[in-house]
>>> print(open('coords30.csv').read())   # CSV, C-alpha atoms
chain,number,residue,atom,x,y,z
A,1,MET,CA,-35.0,-40.3,-45.6
A,2,THR,CA,-33.6,-41.6,-48.9
A,3,ALA,CA,-30.0,-42.6,-49.4
A,4,ARG,CA,-28.2,-41.1,-52.4
A,5,THR,CA,-27.1,-43.4,-55.2
A,6,VAL,CA,-23.9,-43.2,-57.2
A,7,GLU,CA,-23.9,-41.2,-60.4
A,8,THR,CA,-20.4,-42.1,-61.4
A,9,VAL,CA,-17.1,-43.3,-60.1
A,10,LEU,CA,-14.0,-41.3,-61.0
A,11,GLU,CA,-10.8,-43.1,-61.9
A,12,ALA,CA,-7.5,-41.4,-61.1
A,13,PRO,CA,-4.6,-41.2,-63.6
A,14,ARG,CA,-1.3,-42.7,-62.7
A,15,PRO,CA,0.8,-40.9,-59.9
A,16,HIS,CA,3.1,-38.1,-60.8
A,17,TRP,CA,5.6,-36.1,-58.8
A,18,VAL,CA,4.9,-32.6,-57.6
A,19,GLY,CA,8.3,-31.1,-56.9
A,20,ASP,CA,10.5,-33.8,-55.5
A,21,GLY,CA,8.5,-34.3,-52.3
A,22,PHE,CA,5.0,-35.4,-53.2
A,23,LEU,CA,4.0,-38.4,-55.3
A,24,VAL,CA,0.4,-37.7,-56.0
A,25,ARG,CA,-2.6,-39.0,-57.8
A,26,PRO,CA,-5.2,-36.4,-59.0
A,27,LEU,CA,-8.3,-38.3,-57.8
A,28,PHE,CA,-10.8,-36.2,-59.6
A,29,GLY,CA,-9.3,-37.1,-63.0
A,30,ARG,CA,-11.1,-35.5,-65.9
A,31,ALA,CA,-13.8,-34.2,-63.6
A,32,ALA,CA,-11.4,-31.6,-62.1
A,33,PHE,CA,-12.4,-28.0,-62.6
A,34,THR,CA,-15.9,-28.9,-63.6
A,35,ALA,CA,-19.4,-28.3,-62.2
A,36,ALA,CA,-19.6,-32.0,-61.1
A,37,VAL,CA,-17.1,-31.4,-58.2
A,38,SER,CA,-18.0,-27.8,-57.4
A,39,PRO,CA,-17.2,-26.0,-55.0
A,40,PHE,CA,-14.0,-28.2,-55.1
A,41,LEU,CA,-11.7,-27.9,-58.0
A,42,MET,CA,-9.1,-30.7,-57.7
A,43,PHE,CA,-7.8,-33.2,-55.3
A,44,ASP,CA,-4.2,-34.6,-55.1
A,45,TRP,CA,-3.7,-37.6,-52.9
A,46,ALA,CA,-0.1,-38.4,-51.8
A,47,ALA,CA,-0.3,-42.0,-50.6
A,48,PRO,CA,2.3,-42.9,-47.9
A,49,VAL,CA,5.9,-42.9,-49.2
A,50,ASP,CA,9.0,-43.6,-47.0
A,51,PHE,CA,11.8,-41.0,-47.7
A,52,PRO,CA,15.4,-41.4,-46.8
A,53,PRO,CA,17.3,-38.6,-45.1
A,54,SER,CA,18.3,-35.7,-47.4
A,55,PRO,CA,20.7,-32.7,-47.1
A,56,GLU,CA,17.7,-30.4,-47.8
A,57,PRO,CA,14.0,-30.9,-47.3
A,58,ARG,CA,12.1,-32.2,-50.4
A,59,GLY,CA,9.1,-30.3,-51.7
A,60,VAL,CA,7.8,-27.6,-54.0
A,61,GLY,CA,9.5,-24.2,-54.3
A,62,PRO,CA,7.9,-20.8,-54.6
A,63,HIS,CA,4.9,-20.6,-56.8
A,64,PRO,CA,1.8,-18.4,-57.1
A,65,HIS,CA,-2.0,-18.9,-56.7
A,66,ARG,CA,-5.0,-16.6,-57.2
A,67,GLY,CA,-8.8,-17.1,-57.0
A,68,PHE,CA,-9.2,-20.1,-54.8
A,69,GLU,CA,-8.0,-21.8,-51.6
A,70,THR,CA,-5.6,-24.7,-51.0
A,71,VAL,CA,-6.4,-27.2,-48.2
A,72,THR,CA,-3.6,-29.5,-47.0
A,73,ILE,CA,-4.4,-32.4,-44.7
A,74,VAL,CA,-1.3,-34.2,-43.4
A,75,HIS,CA,-1.7,-37.9,-42.6
A,76,ASP,CA,2.0,-38.8,-42.0
A,77,GLY,CA,5.1,-36.7,-41.6
A,78,ALA,CA,5.2,-32.9,-41.5
A,79,VAL,CA,4.9,-30.1,-44.0
A,80,ASP,CA,6.5,-26.7,-43.7
A,81,HIS,CA,4.7,-23.7,-45.3
A,82,ARG,CA,5.9,-20.2,-46.1
A,83,ASP,CA,4.1,-17.5,-48.1
A,84,SER,CA,4.4,-13.9,-49.4
A,85,ALA,CA,1.7,-12.7,-47.0
A,86,GLY,CA,4.0,-13.3,-44.1
A,87,HIS,CA,2.7,-16.7,-42.9
A,88,THR,CA,5.3,-19.3,-41.8
A,89,ASP,CA,4.1,-22.6,-40.3
A,90,SER,CA,4.8,-26.3,-39.8
A,91,ILE,CA,2.0,-28.8,-39.6
A,92,GLY,CA,2.2,-32.4,-38.5
A,93,ALA,CA,0.2,-35.6,-38.7
A,94,GLY,CA,-3.5,-34.8,-38.3
A,95,ASP,CA,-3.1,-31.1,-38.8
A,96,VAL,CA,-4.6,-29.0,-41.6
A,97,GLN,CA,-3.6,-25.8,-43.3
A,98,TRP,CA,-6.3,-23.8,-45.1
A,99,MET,CA,-4.8,-21.1,-47.2
A,100,THR,CA,-7.0,-18.6,-49.0
A,101,ALA,CA,-4.9,-17.3,-52.0
A,102,GLY,CA,-7.6,-14.8,-52.9
A,103,SER,CA,-6.1,-11.8,-54.8
A,104,GLY,CA,-2.7,-13.6,-55.0
A,105,VAL,CA,0.0,-15.2,-52.9
A,106,VAL,CA,3.3,-16.9,-53.5
A,107,HIS,CA,4.0,-19.9,-51.3
A,108,GLU,CA,6.2,-22.9,-50.9
A,109,GLU,CA,5.7,-26.3,-49.3
A,110,PHE,CA,8.5,-28.7,-48.1
A,111,HIS,CA,8.8,-31.7,-45.9
A,112,GLY,CA,9.3,-30.8,-42.3
A,113,ARG,CA,13.0,-30.4,-41.2
A,114,SER,CA,12.8,-33.6,-39.1
A,115,VAL,CA,11.8,-35.6,-42.1
A,116,ALA,CA,14.8,-34.3,-44.0
A,117,GLU,CA,17.2,-35.0,-41.2
A,118,LEU,CA,15.9,-38.4,-40.1
A,119,GLY,CA,13.9,-39.7,-43.0
A,120,GLY,CA,10.3,-40.8,-42.6
A,121,ARG,CA,6.9,-41.4,-44.1
A,122,VAL,CA,5.0,-38.6,-45.7
A,123,SER,CA,1.4,-38.7,-46.9
A,124,MET,CA,-1.1,-35.9,-47.4
A,125,ALA,CA,-4.2,-34.8,-49.2
A,126,GLN,CA,-4.4,-31.4,-51.0
A,127,LEU,CA,-7.7,-29.9,-52.2
A,128,TRP,CA,-8.3,-26.8,-54.2
A,129,VAL,CA,-11.5,-25.1,-53.2
A,130,ASN,CA,-13.0,-22.5,-55.5
A,131,LEU,CA,-14.0,-19.0,-54.5
A,132,PRO,CA,-17.1,-17.3,-55.9
A,133,ALA,CA,-16.5,-14.2,-58.1
A,134,ALA,CA,-17.4,-11.9,-55.2
A,135,HIS,CA,-14.4,-13.2,-53.1
A,136,LYS,CA,-11.8,-14.2,-55.7
A,137,MET,CA,-9.9,-11.0,-55.0
A,138,THR,CA,-10.2,-11.2,-51.2
A,139,ARG,CA,-7.1,-10.6,-49.1
A,140,PRO,CA,-5.0,-13.7,-48.6
A,141,ARG,CA,-5.6,-15.6,-45.4
A,142,TYR,CA,-4.0,-18.6,-43.6
A,143,GLN,CA,-5.8,-20.9,-41.2
A,144,PRO,CA,-3.6,-23.3,-39.3
A,145,ILE,CA,-6.0,-26.0,-37.9
A,146,LEU,CA,-4.3,-28.3,-35.4
A,147,ALA,CA,-5.5,-31.9,-34.8
A,148,ARG,CA,-6.5,-31.1,-31.3
A,149,ASP,CA,-8.9,-28.4,-32.5
A,150,ILE,CA,-10.8,-30.8,-34.9
A,151,PRO,CA,-13.9,-32.4,-33.5
A,152,VAL,CA,-13.8,-36.2,-33.6
A,153,MET,CA,-17.1,-38.0,-33.8
A,154,THR,CA,-17.3,-41.7,-33.1
A,155,SER,CA,-19.9,-44.5,-33.3
A,156,GLU,CA,-19.6,-48.2,-33.7
A,157,GLY,CA,-16.6,-48.8,-36.0
A,158,LEU,CA,-16.5,-45.2,-37.2
A,159,ARG,CA,-14.2,-42.3,-36.4
A,160,ALA,CA,-14.9,-39.0,-38.2
A,161,ARG,CA,-12.8,-35.8,-38.0
A,162,VAL,CA,-14.9,-32.8,-38.9
A,163,ILE,CA,-12.6,-30.4,-40.6
A,164,ALA,CA,-15.2,-28.1,-42.1
A,165,GLY,CA,-19.0,-27.9,-42.2
A,166,PRO,CA,-21.6,-29.7,-40.2
A,167,TRP,CA,-21.8,-33.2,-38.8
A,168,HIS,CA,-24.9,-34.5,-37.2
A,169,ASP,CA,-24.6,-36.7,-34.1
A,170,ALA,CA,-26.9,-39.6,-33.1
A,171,GLY,CA,-29.4,-37.1,-31.6
A,172,GLY,CA,-29.5,-34.9,-34.7
A,173,ALA,CA,-27.5,-32.0,-33.2
A,174,ALA,CA,-24.9,-30.4,-35.6
A,175,VAL,CA,-21.2,-30.2,-34.7
A,176,HIS,CA,-19.3,-27.9,-36.9
A,177,GLY,CA,-15.7,-28.1,-38.1
A,178,PRO,CA,-13.3,-25.2,-37.3
A,179,ALA,CA,-12.5,-24.1,-40.9
A,180,LYS,CA,-13.9,-20.8,-42.0
A,181,THR,CA,-15.3,-21.1,-45.5
A,182,PHE,CA,-16.6,-18.7,-48.1
A,183,THR,CA,-19.4,-21.0,-49.3
A,184,PRO,CA,-21.3,-23.8,-47.6
A,185,LEU,CA,-19.3,-27.0,-47.6
A,186,ALA,CA,-18.1,-30.0,-45.5
A,187,VAL,CA,-14.8,-31.9,-45.3
A,188,TRP,CA,-14.8,-35.1,-43.2
A,189,ASP,CA,-11.8,-37.3,-42.7
A,190,ILE,CA,-13.2,-40.7,-41.9
A,191,ALA,CA,-11.9,-44.1,-40.8
A,192,LEU,CA,-14.3,-47.1,-40.9
A,193,ASP,CA,-13.7,-50.6,-39.5
A,194,ALA,CA,-14.7,-53.6,-41.4
A,195,GLY,CA,-18.5,-53.6,-42.1
A,196,ALA,CA,-19.0,-50.2,-40.3
A,197,ARG,CA,-21.4,-47.7,-41.7
A,198,LEU,CA,-21.3,-44.0,-42.3
A,199,GLU,CA,-24.8,-42.4,-42.4
A,200,GLN,CA,-25.3,-38.6,-42.5
A,201,PRO,CA,-28.0,-36.2,-43.8
A,202,LEU,CA,-26.9,-33.7,-46.4
A,203,PRO,CA,-28.6,-30.6,-47.8
A,204,GLU,CA,-30.5,-30.9,-51.0
A,205,GLY,CA,-28.6,-29.7,-54.0
A,206,TRP,CA,-25.1,-30.2,-52.5
A,207,ASN,CA,-22.5,-32.1,-54.5
A,208,VAL,CA,-21.2,-35.1,-52.6
A,209,LEU,CA,-17.9,-36.8,-53.3
A,210,VAL,CA,-16.7,-39.9,-51.4
A,211,SER,CA,-12.9,-40.3,-51.9
A,212,VAL,CA,-11.6,-43.7,-50.9
A,213,LEU,CA,-8.0,-43.3,-49.8
A,214,SER,CA,-7.6,-47.0,-48.8
A,215,GLY,CA,-9.8,-50.0,-48.5
A,216,ASP,CA,-13.1,-50.4,-50.2
A,217,VAL,CA,-16.8,-49.4,-49.6
A,218,VAL,CA,-20.2,-50.0,-50.9
A,219,ILE,CA,-22.6,-47.1,-51.7
A,220,ALA,CA,-26.1,-48.0,-52.8
A,221,GLY,CA,-24.9,-51.3,-54.1
A,222,ARG,CA,-21.9,-49.8,-56.0
A,223,ALA,CA,-18.4,-50.9,-55.0
A,224,VAL,CA,-15.8,-48.2,-54.7
A,225,THR,CA,-12.2,-49.0,-53.9
A,226,THR,CA,-8.8,-47.3,-53.2
A,227,ALA,CA,-8.0,-44.2,-55.3
A,228,GLN,CA,-11.5,-43.9,-56.6
A,229,VAL,CA,-14.1,-41.2,-56.0
A,230,ALA,CA,-17.8,-41.8,-56.0
A,231,VAL,CA,-19.9,-38.9,-57.2
A,232,ALA,CA,-23.3,-39.1,-55.6
A,233,ALA,CA,-26.5,-38.5,-57.5
A,234,HIS,CA,-28.9,-35.8,-56.5
A,235,ASP,CA,-31.6,-38.2,-55.6
A,236,GLY,CA,-31.7,-38.4,-51.8
A,237,ASP,CA,-31.2,-36.5,-48.5
A,238,ARG,CA,-28.5,-38.6,-46.8
A,239,LEU,CA,-25.2,-40.4,-47.5
A,240,LEU,CA,-24.9,-44.1,-46.6
A,241,VAL,CA,-21.6,-45.8,-46.9
A,242,THR,CA,-20.6,-49.3,-45.7
A,243,ALA,CA,-17.0,-50.4,-45.4
A,244,GLY,CA,-15.8,-53.7,-46.9
A,245,ALA,CA,-14.0,-56.5,-45.1
A,246,GLY,CA,-10.8,-54.6,-44.7
A,247,GLY,CA,-12.3,-51.3,-43.5
A,248,ALA,CA,-11.6,-48.1,-45.3
A,249,LYS,CA,-10.2,-44.5,-45.0
A,250,LEU,CA,-12.3,-41.8,-46.7
A,251,LEU,CA,-12.3,-38.1,-47.3
A,252,VAL,CA,-15.9,-37.0,-47.9
A,253,LEU,CA,-16.3,-33.7,-49.7
A,254,ALA,CA,-19.7,-32.0,-49.9
A,255,GLY,CA,-20.8,-28.5,-50.8
A,256,GLU,CA,-23.2,-26.2,-52.5
A,257,PRO,CA,-22.1,-25.8,-56.1
A,258,ILE,CA,-20.9,-22.2,-56.9
A,259,GLY,CA,-22.5,-22.2,-60.4
A,260,GLU,CA,-20.2,-19.7,-62.1
A,261,PRO,CA,-17.8,-20.1,-65.1
A,262,ILE,CA,-14.4,-21.6,-64.3
A,263,ALA,CA,-11.3,-20.3,-66.2
A,264,ALA,CA,-8.2,-22.1,-65.0
A,265,HIS,CA,-4.6,-21.8,-66.1
A,266,GLY,CA,-1.9,-23.4,-64.1
A,267,PRO,CA,-2.0,-21.9,-60.6
A,268,PHE,CA,-4.8,-19.4,-61.3
A,269,VAL,CA,-8.5,-20.0,-61.2
A,270,MET,CA,-10.8,-17.2,-62.2
A,271,ASN,CA,-14.1,-16.7,-64.0
A,272,THR,CA,-12.8,-15.3,-67.4
A,273,HIS,CA,-9.7,-15.6,-69.6
A,274,GLU,CA,-9.2,-11.8,-69.2
A,275,GLU,CA,-8.9,-12.3,-65.5
A,276,ILE,CA,-6.4,-15.1,-66.0
A,277,ARG,CA,-4.3,-12.8,-68.3
A,278,ALA,CA,-4.4,-10.1,-65.5
A,279,ALA,CA,-3.3,-12.7,-62.9
A,280,ILE,CA,-0.3,-13.7,-65.1
A,281,ALA,CA,0.6,-10.0,-65.5
A,282,ASP,CA,0.3,-9.2,-61.8
A,283,TYR,CA,2.5,-12.2,-60.9
A,284,ALA,CA,5.1,-11.3,-63.4
A,285,ALA,CA,5.2,-7.7,-62.1
A,286,GLY,CA,5.6,-8.9,-58.5
A,287,ARG,CA,2.2,-7.7,-57.3
A,288,MET,CA,1.6,-11.0,-55.5
A,289,GLY,CA,4.7,-10.6,-53.5
A,290,ASP,CA,7.7,-12.8,-53.3
A,291,LEU,CA,9.7,-15.0,-50.9
A,292,ASP,CA,13.2,-14.5,-49.7
A,293,PRO,CA,15.6,-17.4,-50.5
A,294,ARG,CA,15.5,-20.2,-47.9
>>> encode(input="coords30.csv", output="structure tokens")
Amino acid sequence: MTARTVETVLEAPRPHWVGDGFLVRPLFGRAAFTAAVSPFLMFDWAAPVDFPPSPEPRGVGPHPHRGFETVTIVHDGAVDHRDSAGHTDSIGAGDVQWMTAGSGVVHEEFHGRSVAELGGRVSMAQLWVNLPAAHKMTRPRYQPILARDIPVMTSEGLRARVIAGPWHDAGGAAVHGPAKTFTPLAVWDIALDAGARLEQPLPEGWNVLVSVLSGDVVIAGRAVTTAQVAVAAHDGDRLLVTAGAGGAKLLVLAGEPIGEPIAAHGPFVMNTHEEIRAAIADYAAGRMGDLDPR
């Protein structure tokens, strides 16, 4: 087996606010919405922020999506979700929400009510996952994935939560995450102690992205540190990552590239500009539904 090397390291722009509740860094930088990160589209990382109590929960009000999926992984605090397809949910630390916007949905995301009332720390990751043309107009779907339902794989100095896709244990058997996906992909939430190693086989042809949320790692002699993303080259059949002296927290994203044109405009991601214009018109006409006032 040959370990993959690093093709490039992505540098994230400065943080910016999404609504008034999430201070995020777009970790894919200029590579977002390109073939280099497919089947993923973008990745916003909200590092831990301590919020004081507030009269109303902070967050992002109603907004539409079409043509892709949003995946929210809560590390600290709680996030309340509501959408025009009738889904209402609150997820806490360790939980994941996997929302398929498909043909179109309007949703909102706010800090959990307890965070507003008492104050508290909030941190989360949000991914946009592309849908292939055959599924872009699929019916909206919502998957609440609770921490207790996510397989946790451990070895010396390593703890991996398998949110989606396969993970191979020491004997080579595959354990699969609970998320239902439209294309083959993997999402692993990983903590490494100082000097610990992550070693996993990966299918040939898959894109592999190692996002360092905190700490630092070495991949094939290349140092990667906090808020950087290593894009692996297609020159091996396994991923080998070693944590630095302070350990590291990672989100590893891997998947089969979709290989279709990407037309993106704001909250819509389709294959052509004509489809984007149709999405804008459908939203304006209320065909993606709406949300009653809070």
>>> residues_around(input="coords30.csv", residues="A:Gly247", least_positions_apart="4", cutoff="6 Å", atoms="all atoms listed in the file", output="list in words")
Leu192, Asp193, Ala194, Gly215 and Ala243 of chain A
>>> closest_residue(input="coords30.csv", among="A:Ala281, A:Leu239, A:Val60, A:Leu250", to="A:Asp216", atoms="all atoms listed in the file")
A:Leu250
>>> closest_residue(input="coords30.csv", among="A:Glu199, A:Glu260, A:Glu109, A:Glu117", to="A:Asp169", atoms="all atoms listed in the file")
A:Glu199
>>> residues_around(input="coords30.csv", residues="A:Gly67", least_positions_apart="5", cutoff="12 Å", atoms="all atoms listed in the file", output="NGL selection string")
:A and (41 or 99-105 or 128-140 or 182 or 262-272 or 275-276 or 278-279)
>>> residues_around(input="coords30.csv", residues="stretch 92-97 of chain A", least_positions_apart="4", cutoff="7 Å", atoms="all atoms listed in the file", output="list in words")
Val71, Thr72, Ile73, Val74, His75, Asp76, Gly77, Ala78, Val79, Gln143, Pro144, Ile145, Leu146 and Ala147 of chain A
>>> residues_around(input="coords30.csv", residues="stretch 154-161 of chain A", least_positions_apart="4", cutoff="6 Å", atoms="all atoms listed in the file", output="count of residues only")
7
>>> atom_distance(input="coords30.csv", atom1="atom CA of A:Leu127", atom2="atom CA of A:Thr70")
5.7 Å
>>> residues_around(input="coords30.csv", residues="A:Val231", least_positions_apart="4", cutoff="12 Å", atoms="all atoms listed in the file", output="NGL selection string")
:A and (4-11 or 27-28 or 31 or 35-38 or 206-212 or 219-220 or 222 or 224 or 235 or 239 or 252-254)
>>> atom_distance(input="coords30.csv", atom1="atom CA of A:Val122", atom2="atom CA of A:Asp50")
6.5 Å
>>> closest_residue(input="coords30.csv", among="A:His234, A:Arg30, A:Arg277, A:His81", to="A:Glu256", atoms="only C-alpha atoms")
A:His234
>>> build_atoms(input="coords30.csv", residues="stretch 84-99 of chain A", atoms="N, CA, C and O atoms", output="PDB file, in the coordinates of the input")
ATOM      1  N   SER A  84       4.084 -15.328 -49.181  1.00  0.00           N
ATOM      2  CA  SER A  84       4.400 -13.900 -49.400  1.00  0.00           C
ATOM      3  C   SER A  84       3.560 -12.989 -48.542  1.00  0.00           C
ATOM      4  O   SER A  84       3.826 -11.780 -48.483  1.00  0.00           O
ATOM      5  N   ALA A  85       2.501 -13.526 -47.900  1.00  0.00           N
ATOM      6  CA  ALA A  85       1.700 -12.700 -47.000  1.00  0.00           C
ATOM      7  C   ALA A  85       2.230 -12.702 -45.586  1.00  0.00           C
ATOM      8  O   ALA A  85       1.635 -12.118 -44.681  1.00  0.00           O
ATOM      9  N   GLY A  86       3.375 -13.386 -45.389  1.00  0.00           N
ATOM     10  CA  GLY A  86       4.000 -13.300 -44.100  1.00  0.00           C
ATOM     11  C   GLY A  86       3.747 -14.513 -43.184  1.00  0.00           C
ATOM     12  O   GLY A  86       4.146 -14.500 -42.012  1.00  0.00           O
ATOM     13  N   HIS A  87       3.070 -15.548 -43.692  1.00  0.00           N
ATOM     14  CA  HIS A  87       2.700 -16.700 -42.900  1.00  0.00           C
ATOM     15  C   HIS A  87       3.844 -17.766 -42.980  1.00  0.00           C
ATOM     16  O   HIS A  87       4.237 -18.141 -44.086  1.00  0.00           O
ATOM     17  N   THR A  88       4.329 -18.246 -41.844  1.00  0.00           N
ATOM     18  CA  THR A  88       5.300 -19.300 -41.800  1.00  0.00           C
ATOM     19  C   THR A  88       4.797 -20.338 -40.764  1.00  0.00           C
ATOM     20  O   THR A  88       4.434 -19.969 -39.645  1.00  0.00           O
ATOM     21  N   ASP A  89       4.742 -21.617 -41.153  1.00  0.00           N
ATOM     22  CA  ASP A  89       4.100 -22.600 -40.300  1.00  0.00           C
ATOM     23  C   ASP A  89       4.644 -23.982 -40.600  1.00  0.00           C
ATOM     24  O   ASP A  89       5.120 -24.248 -41.702  1.00  0.00           O
ATOM     25  N   SER A  90       4.531 -24.885 -39.620  1.00  0.00           N
ATOM     26  CA  SER A  90       4.800 -26.300 -39.800  1.00  0.00           C
ATOM     27  C   SER A  90       3.647 -27.086 -39.255  1.00  0.00           C
ATOM     28  O   SER A  90       3.240 -26.851 -38.109  1.00  0.00           O
ATOM     29  N   ILE A  91       3.099 -27.991 -40.050  1.00  0.00           N
ATOM     30  CA  ILE A  91       2.000 -28.800 -39.600  1.00  0.00           C
ATOM     31  C   ILE A  91       2.375 -30.272 -39.629  1.00  0.00           C
ATOM     32  O   ILE A  91       3.117 -30.699 -40.517  1.00  0.00           O
ATOM     33  N   GLY A  92       1.886 -31.024 -38.648  1.00  0.00           N
ATOM     34  CA  GLY A  92       2.200 -32.400 -38.500  1.00  0.00           C
ATOM     35  C   GLY A  92       1.034 -33.326 -38.776  1.00  0.00           C
ATOM     36  O   GLY A  92      -0.044 -32.877 -39.213  1.00  0.00           O
ATOM     37  N   ALA A  93       1.207 -34.607 -38.490  1.00  0.00           N
ATOM     38  CA  ALA A  93       0.200 -35.600 -38.700  1.00  0.00           C
ATOM     39  C   ALA A  93      -1.142 -35.197 -38.023  1.00  0.00           C
ATOM     40  O   ALA A  93      -1.142 -34.900 -36.831  1.00  0.00           O
ATOM     41  N   GLY A  94      -2.231 -35.176 -38.783  1.00  0.00           N
ATOM     42  CA  GLY A  94      -3.500 -34.800 -38.300  1.00  0.00           C
ATOM     43  C   GLY A  94      -3.867 -33.343 -38.375  1.00  0.00           C
ATOM     44  O   GLY A  94      -5.022 -32.952 -38.220  1.00  0.00           O
ATOM     45  N   ASP A  95      -2.865 -32.506 -38.667  1.00  0.00           N
ATOM     46  CA  ASP A  95      -3.100 -31.100 -38.800  1.00  0.00           C
ATOM     47  C   ASP A  95      -3.541 -30.719 -40.224  1.00  0.00           C
ATOM     48  O   ASP A  95      -3.346 -31.493 -41.168  1.00  0.00           O
ATOM     49  N   VAL A  96      -4.096 -29.511 -40.340  1.00  0.00           N
ATOM     50  CA  VAL A  96      -4.600 -29.000 -41.600  1.00  0.00           C
ATOM     51  C   VAL A  96      -4.181 -27.575 -41.801  1.00  0.00           C
ATOM     52  O   VAL A  96      -4.180 -26.798 -40.845  1.00  0.00           O
ATOM     53  N   GLN A  97      -3.791 -27.217 -43.028  1.00  0.00           N
ATOM     54  CA  GLN A  97      -3.600 -25.800 -43.300  1.00  0.00           C
ATOM     55  C   GLN A  97      -4.602 -25.407 -44.419  1.00  0.00           C
ATOM     56  O   GLN A  97      -4.748 -26.106 -45.423  1.00  0.00           O
ATOM     57  N   TRP A  98      -5.304 -24.317 -44.177  1.00  0.00           N
ATOM     58  CA  TRP A  98      -6.300 -23.800 -45.100  1.00  0.00           C
ATOM     59  C   TRP A  98      -5.910 -22.451 -45.552  1.00  0.00           C
ATOM     60  O   TRP A  98      -6.053 -21.488 -44.820  1.00  0.00           O
ATOM     61  N   MET A  99      -5.349 -22.365 -46.741  1.00  0.00           N
ATOM     62  CA  MET A  99      -4.800 -21.100 -47.200  1.00  0.00           C
ATOM     63  C   MET A  99      -5.718 -20.514 -48.303  1.00  0.00           C
ATOM     64  O   MET A  99      -5.999 -21.152 -49.320  1.00  0.00           O
TER      65      MET A  99
END
